[in-house]
Every structure is written in C-alpha cells, then in structure tokens.
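Coordinates from model.txt are shown below (compact mmCIF, C-alpha atoms).
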# COMPACT_ATOMS: atom_id res chain seq x y z
CA MET A 1 20.62 146.39 -109.91
CA ILE A 2 22.01 149.79 -108.95
CA ARG A 3 23.48 148.41 -105.70
CA ILE A 4 25.32 145.62 -107.53
CA ALA A 5 26.79 148.08 -110.03
CA SER A 6 27.88 150.47 -107.27
CA ARG A 7 29.53 147.61 -105.32
CA ASN A 8 31.45 146.51 -108.42
CA TRP A 9 32.49 150.11 -109.03
CA LEU A 10 33.62 150.47 -105.40
CA ALA A 11 35.56 147.19 -105.55
CA THR A 12 37.25 148.29 -108.78
CA ILE A 13 38.27 151.63 -107.24
CA LEU A 14 39.62 149.86 -104.14
CA VAL A 15 41.72 147.41 -106.18
CA MET A 16 43.09 150.20 -108.41
CA THR A 17 44.01 152.28 -105.35
CA LEU A 18 45.85 149.37 -103.73
CA LEU A 19 47.73 148.67 -106.95
CA CYS A 20 48.78 152.30 -107.29
CA PHE A 21 50.08 152.48 -103.73
CA GLY A 22 51.96 149.20 -104.23
CA CYS A 23 53.78 150.49 -107.30
CA GLU A 24 57.22 152.01 -106.81
CA SER A 25 57.83 155.20 -108.70
CA GLY A 26 61.19 156.33 -109.98
CA MET A 27 64.49 154.57 -110.23
CA GLN A 28 65.80 152.63 -107.26
CA TYR A 29 69.36 153.06 -105.98
CA GLU A 30 69.94 149.30 -106.06
CA THR A 31 69.86 149.42 -109.87
CA ILE A 32 73.11 151.41 -110.01
CA VAL A 33 75.02 149.64 -107.20
CA GLY A 34 78.21 148.17 -108.62
CA ARG A 35 81.33 149.07 -110.59
CA TRP A 36 81.12 151.05 -113.84
CA GLN A 37 83.69 152.06 -116.46
CA ALA A 38 83.23 154.78 -119.07
CA TYR A 39 83.39 153.99 -122.75
CA GLU A 40 82.38 157.40 -124.12
CA VAL A 41 82.32 161.04 -122.98
CA THR A 42 80.69 163.70 -125.13
CA GLU A 43 80.30 167.43 -124.74
CA GLU A 44 77.61 169.20 -126.75
CA GLY A 45 77.30 165.97 -128.79
CA GLU A 46 81.02 165.76 -129.71
CA SER A 47 83.39 163.10 -128.34
CA LEU A 48 86.02 164.47 -125.98
CA ASP A 49 89.67 163.71 -126.72
CA ILE A 50 90.28 161.69 -123.54
CA ASP A 51 90.68 158.03 -122.69
CA PRO A 52 87.22 157.18 -121.32
CA SER A 53 88.42 153.86 -119.87
CA ALA A 54 90.28 155.87 -117.20
CA ILE A 55 86.91 156.98 -115.79
CA LYS A 56 85.50 154.63 -113.19
CA LEU A 57 82.53 154.90 -110.87
CA HIS A 58 81.62 152.60 -107.98
CA PHE A 59 78.31 152.82 -106.14
CA HIS A 60 78.26 150.98 -102.82
CA SER A 61 75.15 149.54 -101.20
CA ASN A 62 75.66 151.84 -98.17
CA LEU A 63 74.80 154.93 -100.30
CA THR A 64 78.39 156.01 -100.96
CA TYR A 65 80.32 156.34 -104.20
CA GLU A 66 83.89 156.46 -105.49
CA TYR A 67 84.87 158.19 -108.72
CA SER A 68 88.23 158.22 -110.47
CA SER A 69 89.16 159.88 -113.71
CA THR A 70 92.03 161.09 -115.86
CA LEU A 71 95.02 162.90 -114.32
CA ASN A 72 94.56 160.94 -111.05
CA TYR A 73 91.39 162.87 -110.16
CA ARG A 74 89.37 161.17 -107.41
CA GLU A 75 86.30 161.89 -105.36
CA ALA A 76 84.16 159.91 -102.93
CA GLY A 77 81.40 160.43 -100.44
CA PRO A 78 77.70 159.99 -99.79
CA CYS A 79 75.21 159.80 -102.62
CA ARG A 80 71.49 159.42 -103.09
CA LEU A 81 69.12 158.84 -105.96
CA GLU A 82 65.78 160.61 -106.28
CA ASP A 83 63.88 159.42 -109.32
CA ARG A 84 66.53 159.87 -112.05
CA TYR A 85 68.55 162.53 -110.24
CA LEU A 86 71.81 161.42 -108.62
CA TYR A 87 73.11 163.65 -105.82
CA THR A 88 76.76 163.34 -104.74
CA SER A 89 78.95 165.09 -102.17
CA ASP A 90 82.73 164.81 -102.42
CA THR A 91 84.20 164.42 -98.94
CA LEU A 92 87.82 163.92 -100.07
CA VAL A 93 88.25 167.71 -100.25
CA SER A 94 88.31 170.02 -97.27
CA PRO A 95 85.85 171.47 -96.62
CA PRO A 96 83.55 168.84 -98.18
CA GLN A 97 82.07 169.88 -101.49
CA ASP A 98 78.46 171.00 -101.78
CA GLU A 99 76.06 168.45 -103.15
CA ARG A 100 76.04 168.16 -106.95
CA VAL A 101 73.32 166.67 -109.11
CA VAL A 102 73.41 164.83 -112.44
CA MET A 103 70.67 163.00 -114.33
CA ILE A 104 70.60 159.33 -115.26
CA ILE A 105 68.95 159.21 -118.68
CA ASN A 106 68.59 155.46 -119.21
CA ASP A 107 67.37 152.43 -117.30
CA PRO A 108 70.64 150.97 -116.04
CA VAL A 109 71.08 147.26 -116.43
CA ASP A 110 74.45 146.80 -118.08
CA SER A 111 74.99 150.42 -119.12
CA LEU A 112 74.62 153.76 -117.39
CA VAL A 113 74.18 157.11 -119.17
CA ILE A 114 74.67 160.25 -117.08
CA ARG A 115 73.90 163.78 -118.28
CA MET A 116 75.50 166.75 -116.51
CA GLU A 117 76.39 170.39 -117.01
CA GLU A 118 80.08 171.27 -117.16
CA GLU A 119 80.90 174.96 -117.60
CA GLU A 120 77.39 175.54 -118.96
CA LYS A 121 77.80 172.81 -121.59
CA GLU A 122 75.95 169.51 -121.70
CA ARG A 123 78.25 166.58 -121.03
CA VAL A 124 77.17 162.95 -121.34
CA LEU A 125 79.05 160.10 -119.71
CA ARG A 126 78.33 156.56 -120.95
CA LEU A 127 79.47 153.69 -118.77
CA VAL A 128 79.31 149.91 -118.84
CA ARG A 129 78.87 147.72 -115.75
CA ILE A 130 82.11 145.87 -114.95
CA GLY A 131 81.22 144.24 -111.64
CA ASP A 132 79.25 144.24 -108.42

For the file at hand, write its structure as structure tokens.
Amino acid sequence: MIRIASRNWLATILVMTLLCFGCESGMQYETIVGRWQAYEVTEEGESLDIDPSAIKLHFHSNLTYEYSSTLNYREAGPCRLEDRYLYTSDTLVSPPQDERVVMIINDPVDSLVIRMEEEEKERVLRLVRIGD
C-alpha cells in the first residue's frame, strides 16, 4: 500500500514539474509586433494637451521599433521585451542613445498601455493596434 501511494506521489510530482517547465513566463515579444497609434497620453494622471493621434509606434518581428511623435520627433532601433519591461535604443542619433526602459502595464491584444518616467513624473501612453 505504501509503495502504490509513493508511486502515485512521484508520478504527480513528475507531471507537475513537466507542466511547470512547459509554461512560458512573462509577456512574449510577438504580442506587441505591429503598428500602434496613441489615443491618450497622461502625466501624473492628467491628460496632456497634445494630439495623441500624432504618436505612432511600430514593432517589427526582427526586434526593431520605429517611433514618431509630435513636432516631427522620430526614433528607431533595436528593442527587446523582458517580462513586461520594454528596452529600446534609439540609433537615429549619433552616438546611439543608451538603452531606455518602459513598462507595459496591460496584456496587449488590441490596446497597449505603456508606463514611463519623464522628468521624474509618471507618464502613461495608451495606444490602439492599427495594423500588423
């Protein structure tokens, strides 16, 4: 009786271990690949007086991004996603900019919510998916 119980226990542990190793943790980069357009920008919870539709973000499948904003601001370069942290490096400037990090605070399907620090203030960028 004790051997049967210990075998069942061992089998249960083995199955649980295999399931845990098979699970992916964190957000996957593929979930953000595509074109995004902002519909709201807030700073410290207050809407900024800008046209959010001018802000566009494009994540490519080759781990690069393009960003455009108001006043013809642009940046582009390599990017990577670790869990919910998005790391970007602007290579349009010389010398290339140091890596920056922002946090994705939702599970992106059709919308993407990014939290960042701008001049020691919390800024939140809300975007909607507009294409692949």

Please provide the set of residues having any atom within 6 Å of region 119-124 of chain A, restricted to all atoms listed in the file, with same-chain residues fewer than 2 positions apart removed, written as a ChimeraX atom specification.
/A:41-44,114-117

State, in Å with one decimal place, the distance from CA of Trp36 (chain A) to CA of Pro95 (chain A).
27.1 Å

Taking (80.3, 149.3, -111.3) in the file's coordinates, which residues come within 7 Å, counting only C-alpha atoms, written as a ChimeraX atom specification?
/A:33-37,57-59,129-132

Could you write out that same residue set with C-alpha atoms as a JSON list (two decimals), in the frame of the given file?
[["chain", "number", "residue", "atom", "x", "y", "z"],
["A", 33, "VAL", "CA", 75.02, 149.64, -107.20],
["A", 34, "GLY", "CA", 78.21, 148.17, -108.62],
["A", 35, "ARG", "CA", 81.33, 149.07, -110.59],
["A", 36, "TRP", "CA", 81.12, 151.05, -113.84],
["A", 37, "GLN", "CA", 83.69, 152.06, -116.46],
["A", 57, "LEU", "CA", 82.53, 154.90, -110.87],
["A", 58, "HIS", "CA", 81.62, 152.60, -107.98],
["A", 59, "PHE", "CA", 78.31, 152.82, -106.14],
["A", 129, "ARG", "CA", 78.87, 147.72, -115.75],
["A", 130, "ILE", "CA", 82.11, 145.87, -114.95],
["A", 131, "GLY", "CA", 81.22, 144.24, -111.64],
["A", 132, "ASP", "CA", 79.25, 144.24, -108.42]]

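Residues surrounding region 67-78 of chain A within 6 Å are Ala54, Ile55, Lys56, Leu57, Leu63, Ser89, Asp90, Thr91 and Leu92 of chain A [only C-alpha atoms; sequence separation below 4 positions excluded].
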
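Minimum atom-to-atom distance to Tyr29 (chain A), evaluated using only C-alpha atoms, belongs to A:Arg80 out of A:Met103, A:Arg80, A:Thr64, A:Leu48.
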
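For the atom pair formed by CA of Glu99 (chain A) and CA of Cys79 (chain A), the distance is 8.7 Å, given to one decimal.
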
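Pairwise distance (CA of Glu40 (chain A), CA of Tyr87 (chain A)) equals 21.4 Å.
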
Residues near Asp83 (chain A), cut-off 9 Å, all atoms listed in the file, skip fewer than 5 positions along chain, as an MDAnalysis selection string:
chainID A and resid 25:28 104

Between A:Ser61, A:Glu118, A:Val102, A:Leu127, which is the closest to Thr31 (chain A) once you count all atoms listed in the file?
A:Ser61

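Counting all atoms listed in the file, the residue from A:Glu30, A:Val128, A:Asp98, A:Asp107 that sits nearest to His60 (chain A) is A:Glu30.
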
First collect every listed atom of region 93-100 of chain A; then fit an axis-aligned box around them, widen it by 3 Å on each side, and give centre and edge lengths in Å to one decimal, as lines of an AutoDock Vina configuration file.
center_x = 82.2
center_y = 169.6
center_z = -101.8
size_x = 18.3
size_y = 9.8
size_z = 16.3

Could I get region 81-117 of chain A rebuilt with N, CA and C atoms, written as a PDB file, in the coordinates of the input?
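The file below, out_32.pdb, is the result:
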ATOM      1  N   LEU A  81      69.813 158.815-104.682  1.00  0.00           N
ATOM      2  CA  LEU A  81      69.120 158.840-105.960  1.00  0.00           C
ATOM      3  C   LEU A  81      67.664 159.185-105.705  1.00  0.00           C
ATOM      4  N   GLU A  82      67.184 160.225-106.351  1.00  0.00           N
ATOM      5  CA  GLU A  82      65.780 160.610-106.280  1.00  0.00           C
ATOM      6  C   GLU A  82      65.249 160.619-107.695  1.00  0.00           C
ATOM      7  N   ASP A  83      64.389 159.655-107.982  1.00  0.00           N
ATOM      8  CA  ASP A  83      63.880 159.420-109.320  1.00  0.00           C
ATOM      9  C   ASP A  83      65.079 159.190-110.224  1.00  0.00           C
ATOM     10  N   ARG A  84      65.370 160.045-111.167  1.00  0.00           N
ATOM     11  CA  ARG A  84      66.530 159.870-112.050  1.00  0.00           C
ATOM     12  C   ARG A  84      67.655 160.838-111.725  1.00  0.00           C
ATOM     13  N   TYR A  85      67.543 161.547-110.618  1.00  0.00           N
ATOM     14  CA  TYR A  85      68.550 162.530-110.240  1.00  0.00           C
ATOM     15  C   TYR A  85      69.489 161.946-109.190  1.00  0.00           C
ATOM     16  N   LEU A  86      70.781 161.951-109.507  1.00  0.00           N
ATOM     17  CA  LEU A  86      71.810 161.420-108.620  1.00  0.00           C
ATOM     18  C   LEU A  86      72.509 162.586-107.938  1.00  0.00           C
ATOM     19  N   TYR A  87      72.483 162.596-106.617  1.00  0.00           N
ATOM     20  CA  TYR A  87      73.110 163.650-105.820  1.00  0.00           C
ATOM     21  C   TYR A  87      74.368 163.077-105.177  1.00  0.00           C
ATOM     22  N   THR A  88      75.489 163.787-105.319  1.00  0.00           N
ATOM     23  CA  THR A  88      76.760 163.340-104.740  1.00  0.00           C
ATOM     24  C   THR A  88      77.404 164.481-103.971  1.00  0.00           C
ATOM     25  N   SER A  89      78.179 164.115-102.949  1.00  0.00           N
ATOM     26  CA  SER A  89      78.950 165.090-102.170  1.00  0.00           C
ATOM     27  C   SER A  89      80.356 164.543-101.990  1.00  0.00           C
ATOM     28  N   ASP A  90      81.336 165.234-102.533  1.00  0.00           N
ATOM     29  CA  ASP A  90      82.730 164.810-102.420  1.00  0.00           C
ATOM     30  C   ASP A  90      83.261 165.182-101.045  1.00  0.00           C
ATOM     31  N   THR A  91      83.656 164.168-100.280  1.00  0.00           N
ATOM     32  CA  THR A  91      84.200 164.420 -98.940  1.00  0.00           C
ATOM     33  C   THR A  91      85.716 164.243 -98.896  1.00  0.00           C
ATOM     34  N   LEU A  92      86.353 164.033-100.045  1.00  0.00           N
ATOM     35  CA  LEU A  92      87.820 163.920-100.070  1.00  0.00           C
ATOM     36  C   LEU A  92      88.476 165.293-100.015  1.00  0.00           C
ATOM     37  N   VAL A  93      87.720 166.343-100.303  1.00  0.00           N
ATOM     38  CA  VAL A  93      88.250 167.710-100.250  1.00  0.00           C
ATOM     39  C   VAL A  93      87.851 168.347 -98.931  1.00  0.00           C
ATOM     40  N   SER A  94      88.620 169.333 -98.522  1.00  0.00           N
ATOM     41  CA  SER A  94      88.310 170.020 -97.270  1.00  0.00           C
ATOM     42  C   SER A  94      88.149 171.507 -97.555  1.00  0.00           C
ATOM     43  N   PRO A  95      87.037 172.096 -97.192  1.00  0.00           N
ATOM     44  CA  PRO A  95      85.850 171.470 -96.620  1.00  0.00           C
ATOM     45  C   PRO A  95      85.130 170.627 -97.671  1.00  0.00           C
ATOM     46  N   PRO A  96      84.271 169.686 -97.221  1.00  0.00           N
ATOM     47  CA  PRO A  96      83.550 168.840 -98.180  1.00  0.00           C
ATOM     48  C   PRO A  96      82.769 169.683 -99.184  1.00  0.00           C
ATOM     49  N   GLN A  97      82.715 169.169-100.389  1.00  0.00           N
ATOM     50  CA  GLN A  97      82.070 169.880-101.490  1.00  0.00           C
ATOM     51  C   GLN A  97      80.552 169.881-101.320  1.00  0.00           C
ATOM     52  N   ASP A  98      79.920 170.956-101.778  1.00  0.00           N
ATOM     53  CA  ASP A  98      78.460 171.000-101.780  1.00  0.00           C
ATOM     54  C   ASP A  98      77.914 169.888-102.664  1.00  0.00           C
ATOM     55  N   GLU A  99      76.712 169.504-102.390  1.00  0.00           N
ATOM     56  CA  GLU A  99      76.060 168.450-103.150  1.00  0.00           C
ATOM     57  C   GLU A  99      75.894 168.864-104.617  1.00  0.00           C
ATOM     58  N   ARG A 100      76.217 167.945-105.513  1.00  0.00           N
ATOM     59  CA  ARG A 100      76.040 168.160-106.950  1.00  0.00           C
ATOM     60  C   ARG A 100      74.988 167.184-107.460  1.00  0.00           C
ATOM     61  N   VAL A 101      74.357 167.532-108.558  1.00  0.00           N
ATOM     62  CA  VAL A 101      73.320 166.670-109.110  1.00  0.00           C
ATOM     63  C   VAL A 101      73.550 166.446-110.606  1.00  0.00           C
ATOM     64  N   VAL A 102      73.365 165.213-111.023  1.00  0.00           N
ATOM     65  CA  VAL A 102      73.410 164.830-112.440  1.00  0.00           C
ATOM     66  C   VAL A 102      72.153 163.999-112.704  1.00  0.00           C
ATOM     67  N   MET A 103      71.865 163.759-113.961  1.00  0.00           N
ATOM     68  CA  MET A 103      70.670 163.000-114.330  1.00  0.00           C
ATOM     69  C   MET A 103      71.039 161.710-115.035  1.00  0.00           C
ATOM     70  N   ILE A 104      70.442 160.619-114.592  1.00  0.00           N
ATOM     71  CA  ILE A 104      70.600 159.330-115.260  1.00  0.00           C
ATOM     72  C   ILE A 104      69.521 159.267-116.335  1.00  0.00           C
ATOM     73  N   ILE A 105      69.925 159.111-117.595  1.00  0.00           N
ATOM     74  CA  ILE A 105      68.950 159.210-118.680  1.00  0.00           C
ATOM     75  C   ILE A 105      68.597 157.873-119.309  1.00  0.00           C
ATOM     76  N   ASN A 106      69.003 156.776-118.704  1.00  0.00           N
ATOM     77  CA  ASN A 106      68.590 155.460-119.210  1.00  0.00           C
ATOM     78  C   ASN A 106      68.183 154.589-118.029  1.00  0.00           C
ATOM     79  N   ASP A 107      67.673 153.409-118.335  1.00  0.00           N
ATOM     80  CA  ASP A 107      67.370 152.430-117.300  1.00  0.00           C
ATOM     81  C   ASP A 107      68.576 151.514-117.181  1.00  0.00           C
ATOM     82  N   PRO A 108      69.367 151.695-116.121  1.00  0.00           N
ATOM     83  CA  PRO A 108      70.640 150.970-116.040  1.00  0.00           C
ATOM     84  C   PRO A 108      70.467 149.483-115.752  1.00  0.00           C
ATOM     85  N   VAL A 109      70.978 148.695-116.649  1.00  0.00           N
ATOM     86  CA  VAL A 109      71.080 147.260-116.430  1.00  0.00           C
ATOM     87  C   VAL A 109      72.562 146.929-116.584  1.00  0.00           C
ATOM     88  N   ASP A 110      73.030 147.015-117.809  1.00  0.00           N
ATOM     89  CA  ASP A 110      74.450 146.800-118.080  1.00  0.00           C
ATOM     90  C   ASP A 110      75.151 148.067-118.516  1.00  0.00           C
ATOM     91  N   SER A 111      74.386 149.146-118.745  1.00  0.00           N
ATOM     92  CA  SER A 111      74.990 150.420-119.120  1.00  0.00           C
ATOM     93  C   SER A 111      74.332 151.537-118.328  1.00  0.00           C
ATOM     94  N   LEU A 112      75.075 152.615-118.163  1.00  0.00           N
ATOM     95  CA  LEU A 112      74.620 153.760-117.390  1.00  0.00           C
ATOM     96  C   LEU A 112      74.966 155.014-118.187  1.00  0.00           C
ATOM     97  N   VAL A 113      73.973 155.876-118.418  1.00  0.00           N
ATOM     98  CA  VAL A 113      74.180 157.110-119.170  1.00  0.00           C
ATOM     99  C   VAL A 113      73.831 158.272-118.253  1.00  0.00           C
ATOM    100  N   ILE A 114      74.825 159.141-118.009  1.00  0.00           N
ATOM    101  CA  ILE A 114      74.670 160.250-117.080  1.00  0.00           C
ATOM    102  C   ILE A 114      74.814 161.563-117.845  1.00  0.00           C
ATOM    103  N   ARG A 115      73.839 162.447-117.660  1.00  0.00           N
ATOM    104  CA  ARG A 115      73.900 163.780-118.280  1.00  0.00           C
ATOM    105  C   ARG A 115      74.191 164.802-117.188  1.00  0.00           C
ATOM    106  N   MET A 116      75.113 165.724-117.482  1.00  0.00           N
ATOM    107  CA  MET A 116      75.500 166.750-116.510  1.00  0.00           C
ATOM    108  C   MET A 116      75.817 168.040-117.232  1.00  0.00           C
ATOM    109  N   GLU A 117      75.959 169.098-116.477  1.00  0.00           N
ATOM    110  CA  GLU A 117      76.390 170.390-117.010  1.00  0.00           C
ATOM    111  C   GLU A 117      77.820 170.628-116.542  1.00  0.00           C
TER     112      GLU A 117
END
